[in-house]
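One file, model-v4.pdb, is given below (PDB, C-alpha atoms).
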ATOM      1  CA  MET A   1     -14.224 -33.192  -0.942
ATOM      2  CA  ARG A   2     -16.844 -34.601   1.406
ATOM      3  CA  ALA A   3     -14.199 -35.285   4.035
ATOM      4  CA  TYR A   4     -13.118 -31.649   4.130
ATOM      5  CA  GLN A   5     -16.126 -29.565   3.168
ATOM      6  CA  ASP A   6     -17.320 -28.982   6.746
ATOM      7  CA  MET A   7     -13.836 -27.887   7.839
ATOM      8  CA  VAL A   8     -13.444 -25.554   4.872
ATOM      9  CA  PHE A   9     -16.904 -24.059   5.261
ATOM     10  CA  SER A  10     -16.520 -23.643   9.057
ATOM     11  CA  THR A  11     -13.236 -21.805   8.660
ATOM     12  CA  ALA A  12     -14.651 -19.454   6.040
ATOM     13  CA  ALA A  13     -17.935 -18.874   7.885
ATOM     14  CA  ARG A  14     -16.275 -18.123  11.223
ATOM     15  CA  LEU A  15     -13.828 -15.699   9.668
ATOM     16  CA  THR A  16     -16.326 -13.862   7.484
ATOM     17  CA  GLY A  17     -19.263 -14.104   9.895
ATOM     18  CA  ASN A  18     -21.525 -14.589   6.894
ATOM     19  CA  ASP A  19     -22.639 -17.815   5.198
ATOM     20  CA  ALA A  20     -23.038 -16.505   1.654
ATOM     21  CA  PRO A  21     -19.423 -15.400   1.089
ATOM     22  CA  ALA A  22     -18.284 -18.422   3.104
ATOM     23  CA  GLU A  23     -19.927 -20.707   0.553
ATOM     24  CA  ASP A  24     -18.286 -18.786  -2.301
ATOM     25  CA  ILE A  25     -14.919 -19.081  -0.559
ATOM     26  CA  ALA A  26     -15.412 -22.807   0.045
ATOM     27  CA  GLN A  27     -16.267 -23.271  -3.625
ATOM     28  CA  GLU A  28     -13.166 -21.378  -4.736
ATOM     29  CA  THR A  29     -11.020 -23.409  -2.324
ATOM     30  CA  PHE A  30     -12.205 -26.696  -3.809
ATOM     31  CA  LEU A  31     -11.769 -25.399  -7.349
ATOM     32  CA  ARG A  32      -8.158 -24.568  -6.535
ATOM     33  CA  ALA A  33      -7.774 -27.959  -4.907
ATOM     34  CA  TYR A  34      -9.011 -29.533  -8.141
ATOM     35  CA  GLU A  35      -6.317 -27.665 -10.070
ATOM     36  CA  ASN A  36      -3.738 -29.166  -7.676
ATOM     37  CA  PHE A  37      -5.450 -32.512  -7.467
ATOM     38  CA  ALA A  38      -2.462 -34.518  -8.672
ATOM     39  CA  HIS A  39      -0.345 -33.164  -5.833
ATOM     40  CA  LEU A  40      -3.023 -33.169  -3.122
ATOM     41  CA  ARG A  41      -4.427 -36.628  -3.807
ATOM     42  CA  THR A  42      -1.462 -38.349  -2.195
ATOM     43  CA  SER A  43      -0.404 -35.599   0.178
ATOM     44  CA  PRO A  44      -0.953 -36.145   3.894
ATOM     45  CA  ALA A  45      -1.011 -32.348   4.275
ATOM     46  CA  ALA A  46      -4.091 -31.895   2.065
ATOM     47  CA  GLY A  47      -6.197 -30.790   5.043
ATOM     48  CA  GLY A  48      -3.645 -28.189   6.053
ATOM     49  CA  TRP A  49      -3.383 -26.965   2.458
ATOM     50  CA  LEU A  50      -7.148 -26.569   2.236
ATOM     51  CA  LYS A  51      -7.268 -24.747   5.557
ATOM     52  CA  THR A  52      -4.488 -22.360   4.546
ATOM     53  CA  VAL A  53      -6.118 -21.585   1.198
ATOM     54  CA  THR A  54      -9.502 -21.060   2.884
ATOM     55  CA  THR A  55      -8.003 -18.726   5.486
ATOM     56  CA  ASN A  56      -6.164 -16.723   2.812
ATOM     57  CA  LEU A  57      -9.239 -16.428   0.611
ATOM     58  CA  ALA A  58     -11.408 -15.391   3.559
ATOM     59  CA  LEU A  59      -8.916 -12.752   4.685
ATOM     60  CA  ASN A  60      -8.577 -11.479   1.109
ATOM     61  CA  HIS A  61     -12.340 -11.258   0.853
ATOM     62  CA  LEU A  62     -12.531  -9.286   4.097
ATOM     63  CA  THR A  63      -9.744  -6.952   2.982
ATOM     64  CA  ARG A  64     -11.491  -6.234  -0.307
ATOM     65  CA  TYR A  65     -14.812  -5.671   1.454
ATOM     66  CA  ARG A  66     -13.190  -3.448   4.078
ATOM     67  CA  LYS A  67     -11.410  -1.324   1.485
ATOM     68  CA  ARG A  68     -14.670  -0.872  -0.401
ATOM     69  CA  TRP A  69     -16.615   0.323   2.601
ATOM     70  CA  ARG A  70     -13.944   1.759   4.871
ATOM     71  CA  PHE A  71     -14.822   5.352   4.209
ATOM     72  CA  PHE A  72     -18.470   4.788   5.015
ATOM     73  CA  SER A  73     -18.405   2.336   7.882
ATOM     74  CA  GLU A  74     -15.159   2.942   9.706
ATOM     75  CA  LEU A  75     -14.819   6.697   9.838
ATOM     76  CA  LYS A  76     -13.605   6.386  13.415
ATOM     77  CA  ILE A  77     -10.137   4.922  13.535
ATOM     78  CA  ASP A  78      -9.838   2.197  16.103
ATOM     79  CA  ASP A  79      -6.498   2.618  17.802
ATOM     80  CA  ALA A  80      -4.743   0.230  20.087
ATOM     81  CA  GLU A  81      -5.283   2.167  23.263
ATOM     82  CA  GLU A  82      -6.711   0.002  25.949
ATOM     83  CA  ASP A  83     -10.061   0.876  27.350
ATOM     84  CA  PRO A  84     -10.245  -0.760  30.777
ATOM     85  CA  ALA A  85     -14.039  -0.731  30.696
ATOM     86  CA  GLY A  86     -14.020  -2.746  27.512
ATOM     87  CA  LEU A  87     -11.532  -5.296  28.815
ATOM     88  CA  ALA A  88     -12.770  -6.118  32.270
ATOM     89  CA  TYR A  89     -14.948  -9.151  32.892
ATOM     90  CA  ASP A  90     -18.005  -7.979  34.785
ATOM     91  CA  SER A  91     -18.910 -11.123  36.631
ATOM     92  CA  GLU A  92     -17.162 -14.057  38.153
ATOM     93  CA  VAL A  93     -15.647 -16.359  35.582
ATOM     94  CA  PRO A  94     -17.180 -19.849  35.718
ATOM     95  CA  ASP A  95     -15.185 -23.068  35.567
ATOM     96  CA  THR A  96     -16.897 -24.353  32.461
ATOM     97  CA  LEU A  97     -19.038 -22.850  29.737
ATOM     98  CA  LEU A  98     -22.219 -24.233  28.207
ATOM     99  CA  GLU A  99     -21.435 -27.756  29.391
ATOM    100  CA  HIS A 100     -25.123 -28.448  29.944
ATOM    101  CA  LEU A 101     -25.831 -27.969  26.239
ATOM    102  CA  GLY A 102     -25.413 -30.525  23.504
ATOM    103  CA  SER A 103     -22.439 -29.987  21.214
ATOM    104  CA  GLU A 104     -24.627 -28.876  18.302
ATOM    105  CA  GLN A 105     -26.514 -26.388  20.488
ATOM    106  CA  ARG A 106     -23.235 -25.111  21.858
ATOM    107  CA  ARG A 107     -21.856 -24.711  18.359
ATOM    108  CA  ALA A 108     -24.926 -22.807  17.152
ATOM    109  CA  LEU A 109     -24.838 -20.514  20.159
ATOM    110  CA  ILE A 110     -21.138 -19.729  19.898
ATOM    111  CA  ASP A 111     -21.233 -19.262  16.130
ATOM    112  CA  ASP A 112     -24.100 -16.826  16.614
ATOM    113  CA  ALA A 113     -22.125 -14.943  19.264
ATOM    114  CA  LEU A 114     -19.084 -14.832  16.969
ATOM    115  CA  ARG A 115     -21.197 -13.365  14.177
ATOM    116  CA  ARG A 116     -22.277 -10.576  16.512
ATOM    117  CA  LEU A 117     -18.693  -9.510  17.209
ATOM    118  CA  PRO A 118     -17.330  -6.665  15.075
ATOM    119  CA  GLU A 119     -15.030  -7.867  12.347
ATOM    120  CA  HIS A 120     -11.858  -6.369  13.821
ATOM    121  CA  GLN A 121     -12.430  -8.454  16.967
ATOM    122  CA  ARG A 122     -13.878 -11.602  15.421
ATOM    123  CA  VAL A 123     -11.137 -12.172  12.847
ATOM    124  CA  PRO A 124      -8.129 -12.155  15.227
ATOM    125  CA  LEU A 125     -10.093 -14.164  17.805
ATOM    126  CA  VAL A 126     -10.951 -16.852  15.250
ATOM    127  CA  LEU A 127      -7.379 -16.925  13.943
ATOM    128  CA  TYR A 128      -6.043 -17.322  17.490
ATOM    129  CA  HIS A 129      -8.467 -19.800  18.991
ATOM    130  CA  PHE A 130      -9.570 -21.807  15.952
ATOM    131  CA  GLU A 131      -6.687 -21.562  13.502
ATOM    132  CA  ASP A 132      -3.755 -21.720  15.927
ATOM    133  CA  PHE A 133      -2.145 -18.488  14.757
ATOM    134  CA  SER A 134       0.128 -16.764  17.262
ATOM    135  CA  TYR A 135      -0.408 -13.087  18.108
ATOM    136  CA  GLN A 136       2.633 -12.195  16.014
ATOM    137  CA  GLU A 137       1.371 -14.159  13.020
ATOM    138  CA  ILE A 138      -2.037 -12.502  13.286
ATOM    139  CA  ALA A 139      -0.463  -9.061  13.460
ATOM    140  CA  GLU A 140       1.605  -9.786  10.352
ATOM    141  CA  ARG A 141      -1.304 -11.279   8.457
ATOM    142  CA  LEU A 142      -3.679  -8.440   9.303
ATOM    143  CA  HIS A 143      -1.025  -5.714   8.921
ATOM    144  CA  ALA A 144      -1.827  -4.488  12.427
ATOM    145  CA  SER A 145       0.342  -3.789  15.432
ATOM    146  CA  LEU A 146       0.883  -6.526  17.975
ATOM    147  CA  ALA A 147      -0.701  -4.322  20.654
ATOM    148  CA  LYS A 148      -3.842  -3.814  18.605
ATOM    149  CA  VAL A 149      -4.193  -7.522  17.920
ATOM    150  CA  LYS A 150      -3.864  -8.374  21.612
ATOM    151  CA  THR A 151      -6.319  -5.658  22.574
ATOM    152  CA  ASP A 152      -8.852  -6.716  19.954
ATOM    153  CA  ILE A 153      -8.660 -10.345  21.040
ATOM    154  CA  ARG A 154      -9.074  -9.389  24.692
ATOM    155  CA  ARG A 155     -12.046  -7.197  23.801
ATOM    156  CA  ALA A 156     -13.519 -10.033  21.784
ATOM    157  CA  ARG A 157     -13.163 -12.401  24.734
ATOM    158  CA  ALA A 158     -14.659  -9.804  27.067
ATOM    159  CA  ALA A 159     -17.629  -9.452  24.705
ATOM    160  CA  LEU A 160     -17.988 -13.162  24.028
ATOM    161  CA  LEU A 161     -17.897 -14.346  27.615
ATOM    162  CA  PRO A 162     -21.109 -12.636  28.822
ATOM    163  CA  MET A 163     -22.913 -13.741  25.671
ATOM    164  CA  MET A 164     -21.974 -17.317  26.446
ATOM    165  CA  MET A 165     -22.617 -16.985  30.161
ATOM    166  CA  SER A 166     -26.053 -15.527  29.598
ATOM    167  CA  ALA A 167     -26.931 -18.786  27.862
ATOM    168  CA  GLY A 168     -26.212 -20.696  31.044
ATOM    169  CA  ILE A 169     -23.416 -21.391  33.478
ATOM    170  CA  SER A 170     -22.617 -24.826  34.666
ATOM    171  CA  PRO A 171     -20.586 -24.434  37.817
TER     172      PRO A 171
ATOM    173  CA  MET B   1       1.694 -21.889  14.210
ATOM    174  CA  SER B   2       2.230 -21.671  17.910
ATOM    175  CA  GLN B   3       0.303 -19.993  20.659
ATOM    176  CA  ASP B   4       1.881 -17.225  22.632
ATOM    177  CA  PRO B   5       2.135 -17.224  26.388
ATOM    178  CA  PRO B   6      -0.816 -15.622  28.172
ATOM    179  CA  ASN B   7      -1.304 -11.905  27.629
ATOM    180  CA  GLN B   8      -0.286  -9.045  29.761
ATOM    181  CA  ASN B   9      -3.342  -8.521  31.885
ATOM    182  CA  PRO B  10      -5.652  -5.565  31.461
ATOM    183  CA  PRO B  11      -6.033  -3.027  34.203
ATOM    184  CA  ASN B  12      -8.690  -3.629  36.854
ATOM    185  CA  GLN B  13      -8.385  -7.353  36.384
ATOM    186  CA  ASP B  14      -6.599  -9.965  38.408
ATOM    187  CA  PRO B  15      -3.933 -11.601  36.254
ATOM    188  CA  PRO B  16      -5.029 -15.158  37.045
ATOM    189  CA  GLU B  17      -8.627 -14.200  36.182
ATOM    190  CA  THR B  18      -7.668 -13.016  32.684
ATOM    191  CA  ASP B  19      -5.560 -16.102  32.045
ATOM    192  CA  ARG B  20      -8.418 -18.254  33.251
ATOM    193  CA  VAL B  21     -10.806 -16.563  30.773
ATOM    194  CA  GLU B  22      -8.354 -17.189  27.948
ATOM    195  CA  ARG B  23      -7.956 -20.828  28.888
ATOM    196  CA  LEU B  24     -11.691 -21.293  29.407
ATOM    197  CA  LEU B  25     -12.604 -19.767  26.053
ATOM    198  CA  ASP B  26      -9.774 -21.545  24.296
ATOM    199  CA  ASP B  27     -10.925 -24.870  25.686
ATOM    200  CA  THR B  28     -14.571 -24.192  24.811
ATOM    201  CA  LEU B  29     -13.865 -22.951  21.278
ATOM    202  CA  ARG B  30     -11.422 -25.722  20.393
ATOM    203  CA  ARG B  31     -13.923 -28.408  21.351
ATOM    204  CA  LEU B  32     -16.570 -26.863  19.158
ATOM    205  CA  PRO B  33     -17.796 -29.145  16.362
ATOM    206  CA  LEU B  34     -17.471 -27.977  12.766
ATOM    207  CA  ARG B  35     -20.313 -26.260  11.011
ATOM    208  CA  ARG B  36     -22.032 -28.393   8.437
ATOM    209  CA  ALA B  37     -21.394 -27.179   4.896
ATOM    210  CA  PRO B  38     -24.522 -26.401   2.867
ATOM    211  CA  ARG B  39     -25.771 -29.334   0.800
ATOM    212  CA  SER B  40     -25.553 -27.151  -2.277
ATOM    213  CA  LEU B  41     -21.765 -26.745  -1.976
ATOM    214  CA  GLU B  42     -20.762 -29.995  -3.634
ATOM    215  CA  ALA B  43     -23.204 -29.442  -6.498
ATOM    216  CA  ARG B  44     -21.923 -25.871  -6.947
ATOM    217  CA  VAL B  45     -18.303 -26.999  -7.130
ATOM    218  CA  LEU B  46     -19.059 -29.819  -9.569
ATOM    219  CA  GLY B  47     -21.236 -27.496 -11.674
ATOM    220  CA  GLU B  48     -18.478 -24.893 -11.846
ATOM    221  CA  LEU B  49     -15.922 -27.558 -12.804
ATOM    222  CA  ASP B  50     -18.280 -28.716 -15.552
ATOM    223  CA  ARG B  51     -18.788 -25.187 -16.773
ATOM    224  CA  ARG B  52     -15.062 -24.482 -16.840
ATOM    225  CA  SER B  53     -14.179 -27.708 -18.605
ATOM    226  CA  SER B  54     -16.770 -27.064 -21.298
ATOM    227  CA  GLN B  55     -15.349 -23.584 -22.030
ATOM    228  CA  ALA B  56     -13.224 -23.055 -25.112
ATOM    229  CA  TRP B  57      -9.546 -22.544 -24.223
ATOM    230  CA  TRP B  58      -9.590 -18.932 -25.338
ATOM    231  CA  ARG B  59     -12.408 -18.128 -22.911
ATOM    232  CA  ARG B  60     -10.442 -19.399 -19.904
ATOM    233  CA  SER B  61      -7.974 -17.267 -17.958
ATOM    234  CA  PHE B  62      -4.615 -16.652 -19.644
ATOM    235  CA  ALA B  63      -2.827 -18.998 -17.233
ATOM    236  CA  HIS B  64      -4.881 -21.903 -18.561
ATOM    237  CA  TRP B  65      -4.233 -21.250 -22.240
ATOM    238  CA  PRO B  66      -2.101 -23.795 -24.146
ATOM    239  CA  GLN B  67       1.598 -22.992 -24.136
ATOM    240  CA  ALA B  68       1.723 -22.278 -27.898
ATOM    241  CA  ALA B  69      -1.294 -19.971 -27.690
ATOM    242  CA  ARG B  70       0.302 -18.009 -24.855
ATOM    243  CA  ALA B  71       3.572 -17.634 -26.761
ATOM    244  CA  GLY B  72       1.665 -16.598 -29.877
ATOM    245  CA  PHE B  73      -0.364 -14.065 -27.939
ATOM    246  CA  VAL B  74       2.756 -12.491 -26.425
ATOM    247  CA  ALA B  75       4.423 -12.334 -29.875
ATOM    248  CA  ALA B  76       1.310 -10.847 -31.471
ATOM    249  CA  GLY B  77       1.011  -8.297 -28.638
ATOM    250  CA  GLY B  78       4.637  -7.246 -29.100
ATOM    251  CA  ALA B  79       4.180  -6.945 -32.852
ATOM    252  CA  LEU B  80       1.019  -4.881 -32.401
ATOM    253  CA  ALA B  81       2.761  -2.527 -29.978
ATOM    254  CA  GLY B  82       5.602  -2.095 -32.475
ATOM    255  CA  LEU B  83       3.156  -1.398 -35.284
ATOM    256  CA  VAL B  84       1.339   1.213 -33.191
ATOM    257  CA  LEU B  85       4.611   2.986 -32.432
ATOM    258  CA  LEU B  86       5.706   2.905 -36.059
ATOM    259  CA  GLY B  87       2.247   3.922 -37.242
ATOM    260  CA  GLY B  88       2.178   6.826 -34.799
ATOM    261  CA  SER B  89       5.478   8.207 -35.969
ATOM    262  CA  TRP B  90       4.436   7.730 -39.599
ATOM    263  CA  LEU B  91       1.152   9.605 -38.924
ATOM    264  CA  ALA B  92       3.010  12.495 -37.275
ATOM    265  CA  VAL B  93       5.270  12.878 -40.308
ATOM    266  CA  ALA B  94       2.272  12.652 -42.645
ATOM    267  CA  VAL B  95       0.346  15.399 -40.789
ATOM    268  CA  ARG B  96       3.361  17.705 -40.952
ATOM    269  CA  THR B  97       3.542  17.256 -44.716
ATOM    270  CA  LEU B  98      -0.235  17.752 -45.264
ATOM    271  CA  ASP B  99       0.315  21.328 -46.515
ATOM    272  CA  VAL B 100       0.733  19.963 -49.953
ATOM    273  CA  ALA B 101      -2.037  17.418 -49.726
ATOM    274  CA  GLY B 102      -5.059  19.499 -50.709
ATOM    275  CA  PRO B 103      -8.557  18.906 -49.178
ATOM    276  CA  ALA B 104      -7.318  16.922 -46.177
ATOM    277  CA  SER B 105      -4.980  19.746 -45.243
ATOM    278  CA  ALA B 106      -7.887  22.250 -45.258
ATOM    279  CA  TRP B 107      -9.881  20.002 -42.924
ATOM    280  CA  VAL B 108      -6.979  19.728 -40.464
ATOM    281  CA  ARG B 109      -6.501  23.514 -40.526
ATOM    282  CA  ARG B 110     -10.215  24.006 -39.812
ATOM    283  CA  VAL B 111     -10.087  21.703 -36.764
ATOM    284  CA  ALA B 112      -6.987  23.492 -35.484
ATOM    285  CA  SER B 113      -8.707  26.850 -35.916
ATOM    286  CA  VAL B 114     -11.832  25.725 -33.965
ATOM    287  CA  THR B 115      -9.817  24.313 -31.058
ATOM    288  CA  GLY B 116      -7.615  27.436 -31.027
ATOM    289  CA  THR B 117     -10.673  29.696 -30.843
ATOM    290  CA  ALA B 118     -12.183  27.657 -28.000
ATOM    291  CA  GLY B 119      -8.901  27.922 -26.103
ATOM    292  CA  ASN B 120      -8.738  31.682 -26.616
ATOM    293  CA  LEU B 121     -12.335  32.040 -25.426
ATOM    294  CA  ALA B 122     -11.598  30.088 -22.227
ATOM    295  CA  ALA B 123      -8.488  32.215 -21.592
ATOM    296  CA  SER B 124     -10.459  35.455 -22.123
ATOM    297  CA  LEU B 125     -13.178  34.308 -19.700
ATOM    298  CA  ALA B 126     -10.596  33.402 -17.108
ATOM    299  CA  ASP B 127      -9.077  36.896 -17.452
ATOM    300  CA  ALA B 128     -12.474  38.635 -17.277
ATOM    301  CA  ILE B 129     -13.750  36.882 -14.135
ATOM    302  CA  PRO B 130     -12.150  38.258 -10.933
ATOM    303  CA  ARG B 131      -9.738  35.820  -9.343
ATOM    304  CA  THR B 132     -11.594  35.944  -5.986
ATOM    305  CA  TRP B 133     -14.799  34.786  -7.652
ATOM    306  CA  LEU B 134     -12.995  31.830  -9.188
ATOM    307  CA  GLU B 135     -11.483  30.868  -5.842
ATOM    308  CA  LEU B 136     -14.803  31.237  -4.043
ATOM    309  CA  GLY B 137     -16.500  29.131  -6.717
ATOM    310  CA  LEU B 138     -13.865  26.464  -6.340
ATOM    311  CA  VAL B 139     -14.234  26.421  -2.529
ATOM    312  CA  ALA B 140     -18.042  26.247  -2.855
ATOM    313  CA  ALA B 141     -17.761  23.313  -5.245
ATOM    314  CA  VAL B 142     -15.435  21.443  -2.858
ATOM    315  CA  VAL B 143     -17.705  22.146   0.136
ATOM    316  CA  LEU B 144     -20.806  21.026  -1.745
ATOM    317  CA  TYR B 145     -19.030  17.859  -2.897
ATOM    318  CA  ALA B 146     -17.899  17.090   0.684
ATOM    319  CA  CYS B 147     -21.445  17.710   2.008
ATOM    320  CA  LEU B 148     -22.910  15.382  -0.573
ATOM    321  CA  PHE B 149     -20.331  12.705   0.228
ATOM    322  CA  GLY B 150     -20.926  13.123   3.980
ATOM    323  CA  LEU B 151     -24.680  12.856   3.506
ATOM    324  CA  GLY B 152     -24.179   9.696   1.482
ATOM    325  CA  ALA B 153     -21.925   8.182   4.160
ATOM    326  CA  ALA B 154     -24.362   9.127   6.961
ATOM    327  CA  ALA B 155     -27.309   7.701   5.022
ATOM    328  CA  TYR B 156     -25.386   4.481   4.400
ATOM    329  CA  ARG B 157     -24.457   4.124   8.059
ATOM    330  CA  MET B 158     -27.979   4.878   9.314
ATOM    331  CA  LEU B 159     -30.094   3.102   6.751
ATOM    332  CA  TYR B 160     -27.978   0.167   5.657
ATOM    333  CA  LEU B 161     -25.168  -0.687   8.039
ATOM    334  CA  GLN B 162     -26.947  -0.559  11.408
ATOM    335  CA  PRO B 163     -29.999  -2.633  10.506
ATOM    336  CA  GLN B 164     -27.791  -5.257   8.881
ATOM    337  CA  THR B 165     -24.946  -5.660  11.329
ATOM    338  CA  GLY B 166     -25.778  -3.672  14.395
ATOM    339  CA  ARG B 167     -22.333  -2.022  14.197
TER     340      ARG B 167
END

Structure encoded using C-alpha cells:
Amino acid sequence: MRAYQDMVFSTAARLTGNDAPAEDIAQETFLRAYENFAHLRTSPAAGGWLKTVTTNLALNHLTRYRKRWRFFSELKIDDAEEDPAGLAYDSEVPDTLLEHLGSEQRRALIDDALRRLPEHQRVPLVLYHFEDFSYQEIAERLHASLAKVKTDIRRARAALLPMMMSAGISP
Amino acid sequence: MSQDPPNQNPPNQDPPETDRVERLLDDTLRRLPLRRAPRSLEARVLGELDRRSSQAWWRRSFAHWPQAARAGFVAAGGALAGLVLLGGSWLAVAVRTLDVAGPASAWVRRVASVTGTAGNLAASLADAIPRTWLELGLVAAVVLYACLFGLGAAAYRMLYLQPQTGR
C-alpha cells in the first residue's frame, strides 16, 4: 500500500480538486484492492489496476455530486461552441514553465492552479495530461461530445498557462 | 490509452503556437511529482479493514454473505413473496364473505361508509367551485413553488457556492 498510496491519492485529488473526497476515494480503492489481494499480490499490473479503480471512483463521485447539485450550480448549460476569447493565449508562450522552482514548489503551484479550474475543464485536462486518456476516451467516459472535450481542454490550458506564467517564466 | 494528434487550432491563434502550448503543458504536467498521501490514510484503511472483519456476516453486504446464507435468503424471500400473494387473495375472499361474519362486517361497512362520504364531499366541493378558480389556484401554486425553488437556488449560488469555489 505504501508503494502506491501517493499515486492513488494524487490521481483522486487532481480529479476531484478536493482532498477530503480524495482521501475517501483512496481508502475505498485500497479496500477494493484488499478484496482482490490474492490476484493483485503477484500481478505486475497492480499499479494500473489501482489507477483505473481510483479514476473510476473519482469520476463516479463527481457524477454523483454533479447530479445532486446540477440544478443549483449549473443552470447555464455549457455548450461546445468555441469562444475565441476564452481560447487565445494572451501573451507570448515561453519555452519552459516554472523551471526555476523546485519540484515540490512546482507541484504545489500547479495543483493549486488545477483546483481553481472549473470541474468541467479540470477533469478532462487531468485525464488527458496525467492519465493518458485520448480525447475520444475522455468523451466516452464523460458522456460528452468530442468537440466539447477538446474545447474544455483548450480552455483549461488557456486558463492554466497564465496562472503558471504569473508565477515566473524562465526563458 | 493513446494521445491524439494535436488539436485543430482555435481562431486567432497561430497553429504552431497552440501546439507549442499543448506540448509545453504536457511536458510540465507529466514531470510533476506525485502528491503525498495524508499520513492518516494508511491508518484509516487498516481501521476500516479491522472494522469490517470484526462485523458479523449478516451485517456485511449481501455479496459477502456465506453461500448457504445467500441461497437461504433467496429461498426465504421467494417463500415470503408467495405467502403474501396467497394471503392477499385469501384476505380478499374473506372480506367478500364478511356479510355473514357479524361484528367485523359492521366495522368494515362503517369504514366504507366514512370513506364514501368523504369522497362525495370532495366531489361536491369540486362541482361547487368554479373551474376557473381551480385553474387559477393551480397556476398560483405552481408559480409560488417555482419562485421558492428559484429563491433557494439563487441563495445557494450566492451564499454557498461562490465563497467556496469561486465558480

Under the rule of at most 6 Å, produce a per-residue listing of chain A near chain B: chain, number, name, the closest pair of atoms, and the distance in Å, as CSV, using all atoms listed in the file.
residue,atom,partner,partner_atom,distance
A:Asp6,CA,B:Ala37,CA,4.8
A:Phe9,CA,B:Ala37,CA,5.5
A:Ser10,CA,B:Arg35,CA,5.0
A:Gln27,CA,B:Val45,CA,5.5
A:Phe72,CA,B:Ala153,CA,4.9
A:Pro84,CA,B:Pro11,CA,5.9
A:Arg107,CA,B:Leu32,CA,5.8
A:His129,CA,B:Asp26,CA,5.7
A:Asp132,CA,B:Met1,CA,5.7
A:Phe133,CA,B:Met1,CA,5.2
A:Ser134,CA,B:Gln3,CA,4.7

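CA of Leu151 (chain B) sits 28.0 Å away from CA of Gln121 (chain A).
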
Inset, instruction - Between CA of Ala139 (chain A) and CA of Ala108 (chain A), measure the distance and give it in Å to one decimal. - result: 28.3 Å

Using all atoms listed in the file and a cutoff of 10 Å, can you tell me which residues are near (-19.0, -7.4, 24.5) in the file's coordinates, and write them out as a PDB file with C-alpha atoms, keeping the file's coordinate frame?
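Generated output (point-v4.pdb):
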ATOM      1  CA  GLY A  86     -14.020  -2.746  27.512  1.00  0.00           C
ATOM      2  CA  LEU A  87     -11.532  -5.296  28.815  1.00  0.00           C
ATOM      3  CA  TYR A  89     -14.948  -9.151  32.892  1.00  0.00           C
ATOM      4  CA  ALA A 113     -22.125 -14.943  19.264  1.00  0.00           C
ATOM      5  CA  ARG A 116     -22.277 -10.576  16.512  1.00  0.00           C
ATOM      6  CA  LEU A 117     -18.693  -9.510  17.209  1.00  0.00           C
ATOM      7  CA  PRO A 118     -17.330  -6.665  15.075  1.00  0.00           C
ATOM      8  CA  ARG A 155     -12.046  -7.197  23.801  1.00  0.00           C
ATOM      9  CA  ALA A 156     -13.519 -10.033  21.784  1.00  0.00           C
ATOM     10  CA  ARG A 157     -13.163 -12.401  24.734  1.00  0.00           C
ATOM     11  CA  ALA A 158     -14.659  -9.804  27.067  1.00  0.00           C
ATOM     12  CA  ALA A 159     -17.629  -9.452  24.705  1.00  0.00           C
ATOM     13  CA  LEU A 160     -17.988 -13.162  24.028  1.00  0.00           C
ATOM     14  CA  LEU A 161     -17.897 -14.346  27.615  1.00  0.00           C
ATOM     15  CA  PRO A 162     -21.109 -12.636  28.822  1.00  0.00           C
ATOM     16  CA  MET A 163     -22.913 -13.741  25.671  1.00  0.00           C
TER      17      MET A 163
END

Inset, instruction - Find the residue from A:Thr29, A:Thr16, A:Ser103, A:Asn36 that sits nearest to His61 (chain A); use all atoms listed in the file when measuring. - result: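 Nearest candidate to His61 (chain A) out of A:Thr29, A:Thr16, A:Ser103, A:Asn36: A:Thr16.
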
Inset, instruction - Check which residues satisfy the PyMOL selection byres ((chain A and resi 43-50) around 10) in the file shown, then give them as a list of chain:residue names. - result: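 Listing what the PyMOL selection byres ((chain A and resi 43-50) around 10) selects in the shown file: A:Ala3, A:Tyr4, A:Gln5, A:Met7, A:Val8, A:Ala26, A:Thr29, A:Phe30, A:Arg32, A:Ala33, A:Phe37, A:Ala38, A:His39, A:Leu40, A:Arg41, A:Thr42, A:Lys51, A:Thr52, A:Val53, A:Thr54, A:Thr55, A:Asn56.
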
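For the atom pair formed by CA of Arg2 (chain A) and CA of Ala20 (chain A), the distance is 19.1 Å, given to one decimal.
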
Inset, instruction - Would you translate the PyMOL selection byres ((chain A and resi 120) around 12) into the concrete set of residues it matches in this file, as a PyMOL selection string? - result: (chain A and resi 15-17+59+62-63+66+74+77-80+114-119+121-127+138-139+142-144+148-156) or (chain B and resi 167)

Inset, instruction - Tell me which of A:Ala58, A:Ala22, A:Ala13, A:Leu109 sits closest to Met165 (chain A), counting all atoms listed in the file. - result: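 Nearest candidate to Met165 (chain A) out of A:Ala58, A:Ala22, A:Ala13, A:Leu109: A:Leu109.
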